[in-house]
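Peer 1: Just passing along the structure, written as structure tokens.
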Amino acid sequence: MITLASDFGLAYPAAMKGVVLSRTDGRLVDVAHDLPRQDVRAAAFWLRETLPYFPPAVHLVVVDPGVGTDRRAVVLRVGDHVFVGPDNGVLRPPARRVAAELDDDAPVEAYEIDVPNPESTTFHGRDVFAPAAADAHVAGASALGSVDRFEPIPVGSLSECRLSEATVSDDGREATGEVLVVDDFGNCITNVPGAFVRDAAGETVWVNGESVPVGRTFEAVARGEKLVTVGSHGNVECDVNHGRGDEAFGLAPGDRVELRVD
Amino acid sequence: MITLASDFGLAYPAAMKGVVLSRTDGRLVDVAHDLPRQDVRAAAFWLRETLPYFPPAVHLVVVDPGVGTDRRAVVLRVGDHVFVGPDNGVLRPPARRVAAELDDDAPVEAYEIDVPNPESTTFHGRDVFAPAAADAHVAGASALGSVDRFEPIPVGSLSECRLSEATVSDDGREATGEVLVVDDFGNCITNVPGAFVRDAAGETVWVNGESVPVGRTFEAVARGEKLVTVGSHGNVECDVNHGRGDEAFGLAPGDRVELRVD
Amino acid sequence: MITLASDFGLAYPAAMKGVVLSRTDGRLVDVAHDLPRQDVRAAAFWLRETLPYFPPAVHLVVVDPGVGTDRRAVVLRVGDHVFVGPDNGVLRPPARRVAAELDDDAPVEAYEIDVPNPESTTFHGRDVFAPAAADAHVAGASALGSVDRFEPIPVGSLSECRLSEATVSDDGREATGEVLVVDDFGNCITNVPGAFVRDAAGETVWVNGESVPVGRTFEAVARGEKLVTVGSHGNVECDVNHGRGDEAFGLAPGDRVELRVD
């Protein structure tokens, strides 16, 4: 199985599919091709929340603002999962989440993909990463070293992308975090753990100085009203029932969020 | 085969795919993940127009404004087709259309999916419906009763969602209906049967008091001009050639439409 | 393998998938369903840049502003690739690109699909082209003549769609072309060959009288700044780093572009 994720939008992902299918008849599964454009951090978040649900697969990820620079093209193995993409950190959060669910002694390996002309401005998704994903699929996770163009490198040499973590006061009444991403619907997903508000359903919480109801579901408040809830990723969200939380709260990715329960 | 439809937009559908594929290697087919958000009626329309074209399959449908309330999670069998989703009526119109094309004695059954903590705000698409769809696929339509978490319930106990029907005067010259949905392109799809205008191509029809040409194709009128036509679903549409019918006619879903032919 | 491309947006493509899968269990691959609406020329461009990367397949293409007119429904074979769609020229640029990569003596054939009621306004994507694509897949590229509804026609009788070509002065310092398409991100893709600016990276080029930096990557200029670069399709693009080139340059598809290097 080969999953595909990118920020390519219209038509470009299909060229990658064609290249992969020219080399293997493995099953393809689209994850998303409308990831926020050239936004490594947001892509890392969405893929961390998505890829670990898949059975072992080759995960082709192309969110690559550095194409044409000297950033490396890499392959990362975590147990039976294989991640293929640019060495800009986007692979690390989903790989770390997958690793956390495996035995501690599951093999972890990294390879650099030999790119004859790395600074070329050709379409690396189509010309470098898609063939590498197909080759990894054909070789299998346990035999990546047998692919000619894959050169072993230390895992520690990979670029990192760490999603920020919120701080919660010792008495559990104050949390300081940030908006990690805003989803399609305007929901502001923070890095504050859901446990912070989970006992407060039906009460209110202070969000950057404003008192907001905590609801288990959107319908806990009237249409158009703000609420704080816990999303499927387990984090605190700032939302609006039938509306856009980002606009109502004036929040964007990276913005600081201070929460307080009385 | 397992079809997937939701209003989830970016990335969330992929988590459902991962869960299904962790349980079965059945074929997945995306129907749509950009169904109008939390709009059961519109989703029911689109799925009624789409799912009946599929060969026997498990249809996973997650348009679920009531997640976290006590609405049930259900499985509905109609012959060899299986529908999995929330008990909010969204499954009924497509299931009814499928049933209409089968023998009268094709088996119809309903099951409630046991959800340990139904009022949880977790991601039911991923945590309840996707596993249930996979289990239904593995068991097969004729052995749904063998799935542990499926409890038989009377079909009559399922929530209903009926798409409104237009009324046509006895002389066939006046129809009163409503806009069922507006599609991506602004075409206003009504519930008035296409037969009402099918003989009027090249003539005009009164739409809420305004005279509008009837065309068999968009090109029957100049670009930017209004027309009334019959869509692929067989219903009367209020459209604009190379433009948006909803804006030109001032119509939205649920709006009343009165048609008259002279 | 059957690829699917259309300008249908929401839900309609799924009806085509259902029809195909009712007739064959061949593999389906979505190419794009958000091709520019009723824009044969833009679709032809994107498909020319995409379909040739696929292994031999049946390519179902439905961008069909003339549905309901007397335009023919056709099947075009080029070697082991088969193209199914309306006879409005949209199939020709991708077919020509595929042919260019094959032996000169690879068979090229054309067929008209018998449509009982061609001027009907039914959904030809679902009711004519999808069944034809399934039938072509089942028969195989080398036996299209065995499908009852396919009638051989001369390849030369097919409608044509030629994407314009730029003219470059003898000294290679002036190019006159046009914008072929604008992609999702606002990048203006011209028909000027990339070779025109490939040696000018780090320098500037005149675009319609304005001096613009030439960059190998977007990051060659500051965010929000214009640049000229060479896209993955090998053509000159007018772009903005982290912005929309179409807005900054005031360009739209079909607009004339005059380039000059000093």
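Within each chain, counting starts at residue 1; across the structure tokens, chains are named A, B, ... in the order shown, with ligands numbered 1 upward in that order.
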Sort by chain and increasing residue number a table of all residues of chain A within 6 Å of chain B, each with its closest pair of atoms and their distance in Å to one decimal, counting only C-alpha atoms, and write it as a tab-separated table.
Peer 2:
```
residue	atom	partner	partner_atom	distance
A:Val31	CA	B:Ala14	CA	5.0
A:Ala32	CA	B:Ala11	CA	5.5
A:Thr50	CA	B:Ala15	CA	4.8
A:Tyr53	CA	B:Gly18	CA	4.8
A:Phe54	CA	B:Gly18	CA	3.9
A:Pro55	CA	B:Ser22	CA	5.0
A:Thr217	CA	B:Gly68	CA	5.9
A:Ser232	CA	B:Phe123	CA	4.9
```
Peer 1: Going by DSSP on the backbone, which residues of region 39-205 of chain B come out as strand (DSSP E)? List them as a ChimeraX atom specification.
Peer 2: /B:58-62,73-78,81-86,108-113,150-153,167-168,174-182,188-193,204-205
Peer 1: Excluding same-chain residues fewer than 2 positions from region 225-230 of chain A, what lies within 9 Å of it counting only C-alpha atoms, as a ChimeraX atom specification?
Peer 2: /A:189,193-195,197-198,201,204-205,207,212-218,220-223,232-245,248-249 /B:121-122
Peer 1: Just to be explicit: take each residue in the selection above, keep N, CA and C atoms, and write the result as a short mmCIF file (atom, residue, chain, number, x, y, z; two decimals), in the first residue's frame.
Peer 2:
```
data_model
loop_
_atom_site.label_atom_id
_atom_site.label_comp_id
_atom_site.auth_asym_id
_atom_site.auth_seq_id
_atom_site.Cartn_x
_atom_site.Cartn_y
_atom_site.Cartn_z
N ILE A 189 -7.41 24.64 16.12
CA ILE A 189 -6.92 23.50 16.89
C ILE A 189 -5.67 23.93 17.63
N PRO A 193 -3.83 20.12 25.76
CA PRO A 193 -4.47 18.81 25.85
C PRO A 193 -5.94 18.94 26.26
N GLY A 194 -6.78 18.09 25.67
CA GLY A 194 -8.21 18.15 25.94
C GLY A 194 -8.54 17.97 27.42
N ALA A 195 -7.68 17.26 28.14
CA ALA A 195 -7.94 17.02 29.56
C ALA A 195 -8.12 18.33 30.33
N VAL A 197 -9.90 20.86 29.73
CA VAL A 197 -11.30 21.33 29.83
C VAL A 197 -12.31 20.19 29.95
N ARG A 198 -11.82 18.95 29.98
CA ARG A 198 -12.76 17.84 29.83
C ARG A 198 -13.79 17.80 30.96
N ALA A 201 -17.28 20.72 30.90
CA ALA A 201 -18.42 20.79 29.98
C ALA A 201 -19.63 21.37 30.70
N THR A 204 -17.75 27.43 31.82
CA THR A 204 -17.07 28.32 30.88
C THR A 204 -15.58 28.28 31.17
N VAL A 205 -14.82 28.73 30.18
CA VAL A 205 -13.37 28.82 30.32
C VAL A 205 -12.95 30.18 29.76
N VAL A 207 -10.70 32.38 27.54
CA VAL A 207 -9.81 32.25 26.37
C VAL A 207 -9.26 33.64 26.05
N VAL A 212 -15.84 31.84 27.63
CA VAL A 212 -16.44 31.08 26.53
C VAL A 212 -16.99 29.76 27.08
N PRO A 213 -18.21 29.37 26.64
CA PRO A 213 -18.76 28.09 27.11
C PRO A 213 -17.92 26.91 26.62
N VAL A 214 -17.86 25.88 27.45
CA VAL A 214 -17.22 24.62 27.05
C VAL A 214 -18.34 23.66 26.69
N GLY A 215 -18.26 23.06 25.50
CA GLY A 215 -19.31 22.15 25.09
C GLY A 215 -18.73 20.82 24.65
N ARG A 216 -19.46 19.76 24.88
CA ARG A 216 -19.01 18.47 24.38
C ARG A 216 -19.27 18.37 22.88
N THR A 217 -20.33 19.05 22.41
CA THR A 217 -20.63 19.07 20.98
C THR A 217 -20.93 20.51 20.59
N PHE A 218 -20.88 20.75 19.28
CA PHE A 218 -21.16 22.09 18.77
C PHE A 218 -22.55 22.56 19.19
N ALA A 220 -23.99 22.41 21.78
CA ALA A 220 -24.11 22.89 23.17
C ALA A 220 -24.36 24.39 23.22
N VAL A 221 -24.06 25.07 22.10
CA VAL A 221 -24.33 26.52 22.04
C VAL A 221 -25.21 26.80 20.82
N ALA A 222 -25.80 28.00 20.81
CA ALA A 222 -26.66 28.37 19.68
C ALA A 222 -25.82 28.56 18.42
N ARG A 223 -26.47 28.48 17.28
CA ARG A 223 -25.76 28.70 16.01
C ARG A 223 -25.13 30.09 16.00
N SER A 232 -11.23 15.63 17.70
CA SER A 232 -10.95 14.20 17.56
C SER A 232 -9.47 13.89 17.79
N HIS A 233 -8.61 14.89 17.69
CA HIS A 233 -7.17 14.73 17.92
C HIS A 233 -6.87 14.82 19.40
N GLY A 234 -7.91 15.10 20.23
CA GLY A 234 -7.71 15.12 21.66
C GLY A 234 -7.26 16.47 22.20
N ASN A 235 -7.22 17.50 21.35
CA ASN A 235 -6.75 18.82 21.78
C ASN A 235 -7.93 19.78 21.94
N VAL A 236 -7.69 20.85 22.67
CA VAL A 236 -8.69 21.91 22.82
C VAL A 236 -8.83 22.67 21.50
N GLU A 237 -10.07 22.91 21.08
CA GLU A 237 -10.36 23.71 19.90
C GLU A 237 -11.17 24.94 20.28
N CYS A 238 -10.96 26.03 19.55
CA CYS A 238 -11.79 27.23 19.68
C CYS A 238 -12.65 27.31 18.43
N ASP A 239 -13.95 27.11 18.59
CA ASP A 239 -14.84 26.92 17.45
C ASP A 239 -16.06 27.84 17.54
N VAL A 240 -16.84 27.81 16.46
CA VAL A 240 -18.15 28.45 16.44
C VAL A 240 -19.13 27.44 15.86
N ASN A 241 -20.29 27.28 16.50
CA ASN A 241 -21.32 26.38 15.97
C ASN A 241 -21.86 26.96 14.67
N HIS A 242 -21.71 26.20 13.57
CA HIS A 242 -22.13 26.69 12.26
C HIS A 242 -21.48 28.02 11.90
N GLY A 243 -20.20 28.15 12.20
CA GLY A 243 -19.49 29.38 11.84
C GLY A 243 -17.99 29.13 11.89
N ARG A 244 -17.22 30.17 11.71
CA ARG A 244 -15.77 30.03 11.68
C ARG A 244 -15.15 30.55 12.98
N GLY A 245 -14.48 29.63 13.71
CA GLY A 245 -13.83 30.01 14.95
C GLY A 245 -12.68 30.98 14.73
N ALA A 248 -14.14 34.45 14.49
CA ALA A 248 -14.80 34.92 15.71
C ALA A 248 -13.79 35.18 16.83
N PHE A 249 -12.79 34.33 16.93
CA PHE A 249 -11.79 34.49 18.00
C PHE A 249 -10.62 35.37 17.55
N THR B 121 -17.23 12.55 22.56
CA THR B 121 -17.03 13.47 21.45
C THR B 121 -15.87 13.03 20.58
N THR B 122 -15.49 11.76 20.70
CA THR B 122 -14.43 11.30 19.82
C THR B 122 -14.95 11.30 18.39
#
```
Peer 1: Which distance in Å separates CA of Leu144 (chain A) and CA of Val82 (chain A), to one decimal?
Peer 2: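 These atoms are spaced 9.2 Å apart.
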Peer 1: At a cut-off of 7 Å, using only C-alpha atoms, what residues contact region 72-75 of chain A? Leave out same-chain residues fewer than 3 positions from it and give the result as a ChimeraX atom specification.
Peer 2: /A:82-87,110-113
Peer 1: Extract the full set of helix (DSSP H, G or I) residues from region 67-123 of chain A according to DSSP on the backbone, and format it as a ChimeraX atom specification.
Peer 2: /A:92-100
Peer 1: Output C-alpha atoms for every residue in that selection, as a PDB file, in the first residue's frame.
Peer 2:
```pdb
ATOM      1  CA  ARG A  92       9.159  13.311  11.718  1.00  0.00           C
ATOM      2  CA  PRO A  93       5.926  13.949  13.689  1.00  0.00           C
ATOM      3  CA  PRO A  94       3.951  11.193  11.905  1.00  0.00           C
ATOM      4  CA  ALA A  95       6.940   8.840  12.124  1.00  0.00           C
ATOM      5  CA  ARG A  96       7.326   9.557  15.838  1.00  0.00           C
ATOM      6  CA  ARG A  97       3.643   8.839  16.420  1.00  0.00           C
ATOM      7  CA  VAL A  98       3.906   5.553  14.525  1.00  0.00           C
ATOM      8  CA  ALA A  99       7.036   4.625  16.494  1.00  0.00           C
ATOM      9  CA  ALA A 100       5.260   5.310  19.786  1.00  0.00           C
TER      10      ALA A 100
END
```
Peer 1: Taking only C-alpha atoms into account, name the residue in B:Ile153, B:Leu251, B:Leu158, B:Ala57 that is nearest to Ala134 (chain B).
Peer 2: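 With only C-alpha atoms as the atom set, the closest residue is B:Ala57.
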